[in-house]
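A.B. asks: Attaching a single structure in structure tokens format; questions to follow.
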Amino acid sequence: MIQNPLQVKLIPFTVESVVENTNEIPKGVDLVEAASIWEDSNQGEGIVIAVIDTGIDTDHPDLKDQIIDGRNFTSDYDGDPNIFEDNNGHGTHVSGTIAASLDNEGVVGVAPKAKILSLKALTGEGAGNYDWIINAINYAIEWRGPEQERVRVISMSLGGPEDVPEMHEAIQKAVSQDISVVVAAGNEGDNSEDTFEYAYPGKYNEVIQVGAVDNNLALAPFTNTNEEIDLVAPGVEVMSTYLGNKYASLSGTSMATPHIAGAVALLIILSEKEFGRSLSEVEIYAQLIKRTLPLGNRKSSEGNGFLVLNLVEKIQELMTVAKV
């Protein structure tokens with residue numbers, strides 16, 4: 001057992017608003033230009049993404065058909081491993097940004113035909129033992145679906161102040177088995193050039209650490225800065241699924257992370273189709289980073305830049321605007 005068990009928590013986030021109904025492609029999904037590669041990527045069909053979070057609203061109309069399986073690693077629901085309902089809202093929101101279905105109602109995710117493996121490793125209060133996180137990572141590695149599907153992406157919008165070797169080892173094992181591990185940078189940023197803010201597992205080099213920008217591509221004031229930031233994605237006023245069949249606008253690097261997790265799912269399909277073979281985690285990472293657009297911030301703030309899935313089209317658009 002890991003000492004100091006209640007040290008892993010949700011990356012803090014802000015609930016901007018909650019609504020009963022909506023019908024939209026969320027601004028963040030549009031900004032990363034997910035739809036531009038849906039046809040070539042089959043909308044992520046066949047890719048399983050493990051979301052290690054507070055669970056998922058299994059009855060939500062935008063999510064109920066997206067869930068391939070799930071498990072509870074926490075003490076919630078008397079520790080019943082088969083009940084992974086979200087009793088916080090965070091896990092449901094993250095899952096919607098990744099893979100909410102494209103059904104012309106509600107919202108749509110970045111990879112609307114990908115499947116969610118919902119691993120509840122945080123309680124309704126948003127905290128969890130390191131053991132729960134480690135067990136969830138290892139479960140994701142070993143999990144196999146009804147047709148021998150396996151996890152290709154792990155999404156974690158959580159963090160703690162301590163470097164726990166067992167958690168690092170579990171992440172290294174996942175990456176060694178070609179699972180991309182996407183994590184939030186954290187929301188303790190102050191935009192100081194002299195101060196770096198870290199959270200684990202974000203600090204580990206093996207993960208894809210995601211910072212946040214707003215819908216105008218300005219760096220979010222709360223986003224952590226450090227030398228391990230890989231890229232940035234929309235994380236301010238992100239509309240997605242929420243508890244009680246509702247929808248909510250939330251802000252935080254927690255909201256930026258699932259944009260990248262969903263994008264990786266699309267790129268796995270697209271790139272493996274183009275190369276005609278399976279690609280390693282390192283190769284998929286390269287395909288992700290080649291689709292980033294520098295925004296002019298220092299590298300410790302934005303890493304390689306902002307994700308644009310159809311970067312060639314975006315560059316042509318910018319060139320056209322520049323000529324006008």
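Labeling convention for the structure tokens: chains A, B, ... as they appear, residues from 1 per chain, ligands from 1 in order of appearance.
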Can you list, as a list in words, every protein, DNA or RNA residue that comes within 9 Å of range 170-177 of chain A when you count only C-alpha atoms, leaving out same-chain residues fewer than 6 positions away?
C.D. replies: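 The neighbour list is Ile134, Asn135, Ile137, Asn138, Ala140, Ile141, Arg152, Ile154, Pro201, Tyr204, Glu206, Val207, Ser280, Glu281 and Val282 of chain A.
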A.B. asks: Using only C-alpha atoms, which residues sit within 7 Å of range 10-26 of chain A once same-chain residues fewer than 2 positions away are excluded, as a VMD selection string?
C.D. replies: chain A and resid 28 to 30 104 to 108 126 to 127 157 to 159 186 to 187 237 239 246 to 252 254
A.B. asks: DSSP on the backbone: what in range 97-204 of chain A comes out strand (DSSP E), as a VMD selection string?
C.D. replies: chain A and resid 115 to 120 127 to 128 151 to 156 158 to 159 180 to 184
A.B. asks: Those same residues - N, CA and C atoms - I'd like them written as a tab-separated table (two decimals), in the first residue's frame.
C.D. replies:
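File written: again.tsv
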```tsv
chain	number	residue	atom	x	y	z
A	115	LYS	N	-14.73	4.41	-28.07
A	115	LYS	CA	-15.40	3.85	-26.91
A	115	LYS	C	-14.68	4.24	-25.63
A	116	ILE	N	-15.47	4.39	-24.57
A	116	ILE	CA	-14.94	4.77	-23.26
A	116	ILE	C	-14.90	3.56	-22.33
A	117	LEU	N	-13.73	3.31	-21.75
A	117	LEU	CA	-13.59	2.39	-20.63
A	117	LEU	C	-13.51	3.28	-19.39
A	118	SER	N	-14.60	3.35	-18.63
A	118	SER	CA	-14.68	4.29	-17.51
A	118	SER	C	-14.14	3.64	-16.24
A	119	LEU	N	-13.01	4.14	-15.76
A	119	LEU	CA	-12.36	3.59	-14.57
A	119	LEU	C	-12.47	4.61	-13.45
A	120	LYS	N	-13.36	4.33	-12.51
A	120	LYS	CA	-13.61	5.26	-11.40
A	120	LYS	C	-12.53	5.06	-10.33
A	127	ALA	N	-11.26	12.86	-4.74
A	127	ALA	CA	-9.96	12.45	-4.20
A	127	ALA	C	-9.85	10.93	-4.27
A	128	GLY	N	-8.61	10.44	-4.26
A	128	GLY	CA	-8.43	9.00	-4.32
A	128	GLY	C	-7.06	8.56	-3.85
A	151	VAL	N	-7.05	-1.12	-24.82
A	151	VAL	CA	-6.94	0.33	-24.62
A	151	VAL	C	-5.75	0.86	-25.41
A	152	ARG	N	-5.97	1.96	-26.14
A	152	ARG	CA	-4.89	2.64	-26.86
A	152	ARG	C	-4.56	4.01	-26.26
A	153	VAL	N	-5.49	4.56	-25.46
A	153	VAL	CA	-5.28	5.87	-24.86
A	153	VAL	C	-5.79	5.84	-23.43
A	154	ILE	N	-5.04	6.46	-22.51
A	154	ILE	CA	-5.50	6.70	-21.14
A	154	ILE	C	-5.58	8.20	-20.94
A	155	SER	N	-6.71	8.67	-20.39
A	155	SER	CA	-6.91	10.09	-20.11
A	155	SER	C	-7.05	10.29	-18.60
A	156	MET	N	-6.20	11.17	-18.03
A	156	MET	CA	-6.23	11.43	-16.58
A	156	MET	C	-6.16	12.92	-16.31
A	158	LEU	N	-6.10	14.51	-13.38
A	158	LEU	CA	-5.93	14.44	-11.93
A	158	LEU	C	-4.47	14.68	-11.61
A	159	GLY	N	-4.17	14.89	-10.34
A	159	GLY	CA	-2.78	15.13	-9.99
A	159	GLY	C	-2.56	15.17	-8.50
A	180	SER	N	-1.01	5.60	-25.29
A	180	SER	CA	-0.72	7.01	-25.06
A	180	SER	C	-1.39	7.46	-23.77
A	181	VAL	N	-0.63	8.10	-22.88
A	181	VAL	CA	-1.16	8.55	-21.59
A	181	VAL	C	-1.22	10.07	-21.60
A	182	VAL	N	-2.45	10.61	-21.60
A	182	VAL	CA	-2.69	12.04	-21.74
A	182	VAL	C	-3.14	12.57	-20.38
A	183	VAL	N	-2.45	13.62	-19.88
A	183	VAL	CA	-2.75	14.13	-18.54
A	183	VAL	C	-2.83	15.65	-18.53
A	184	ALA	N	-3.51	16.19	-17.53
A	184	ALA	CA	-3.67	17.63	-17.38
A	184	ALA	C	-2.44	18.24	-16.72
```
A.B. asks: What is the distance between CA of Thr253 in chain A and CA of Ala185 in chain A, in Å to one decimal?
C.D. replies: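 A separation of 6.2 Å between them.
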A.B. asks: Taking into account only C-alpha atoms, which residue in the set A:Leu219, A:Ile52, A:Leu31, A:Ala261 is nearest to Thr74 in chain A?
C.D. replies: A:Ile52
A.B. asks: Range 294-309 of chain A: which residues within 7 Å, counting only C-alpha atoms, same-chain residues fewer than 2 positions away excluded, as a PyMOL selection string?
C.D. replies: chain A and resi 32-34+211+225-227+229-233+289+291-292+311
A.B. asks: CA of Thr241 in chain A to CA of Thr97 in chain A: how many Å, to one decimal?
C.D. replies: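 Value for the CA of Thr241 in chain A-CA of Thr97 in chain A distance: 7.7 Å.
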A.B. asks: What is the distance, in Å and to one decimal place, between CA of Phe73 in chain A and CA of Gly109 in chain A?
C.D. replies: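 Separation between CA of Phe73 in chain A and CA of Gly109 in chain A: 25.6 Å.
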A.B. asks: As number ranges by chain, list the residues of range 31-187 of chain A assigned to helix (DSSP H, G or I) by DSSP on the backbone atoms of this structure.
C.D. replies: A: 31, 34-44, 76-79, 90-99, 130-142, 165-176
A.B. asks: Using only C-alpha atoms, can you tell me which of A:Ala263, A:Pro258, A:Asn42, A:Asp178 comes closest to Ser278 in chain A?
C.D. replies: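 With only C-alpha atoms as the atom set, the closest residue is A:Asp178.
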A.B. asks: Leaving out Met255 in chain A and any residue of its chain fewer than 5 positions from it, which residues lie within 7 Å of it when counting only C-alpha atoms, given as a compact mmCIF listing (two decimals) with N, CA and C atoms, in the first residue's frame?
C.D. replies:
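Below is the file that was written, result-v8.txt:
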```
# COMPACT_ATOMS: atom_id res chain seq x y z
N VAL A 94 -15.54 15.13 -18.89
CA VAL A 94 -14.34 14.74 -19.64
C VAL A 94 -14.69 13.72 -20.73
N GLY A 235 -9.53 24.95 -23.03
CA GLY A 235 -9.82 24.59 -21.65
C GLY A 235 -10.62 25.63 -20.89
N VAL A 238 -15.67 25.19 -21.64
CA VAL A 238 -15.86 24.02 -22.50
C VAL A 238 -17.21 23.38 -22.20
```
A.B. asks: Looking at only C-alpha atoms, which of A:Ile98, A:Asn82, A:Ala136, A:Glu39 is the one that sits closest to Asp53 in chain A?
C.D. replies: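 Checking each of A:Ile98, A:Asn82, A:Ala136, A:Glu39 against Asp53 in chain A, counting only C-alpha atoms, the winner is A:Ala136.
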A.B. asks: Determine the nearest neighbour of Ile269 in chain A from the options A:Val213, A:Asp103, A:Ala111, A:Tyr130, counting only C-alpha atoms.
C.D. replies: A:Ala111
A.B. asks: Here is a test: counting only C-alpha atoms, which residue of A:Pro234, A:Pro61, A:Gly55, A:Pro221 is nearest to Pro81 in chain A?
C.D. replies: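 Closest to Pro81 in chain A, using only C-alpha atoms: A:Gly55.
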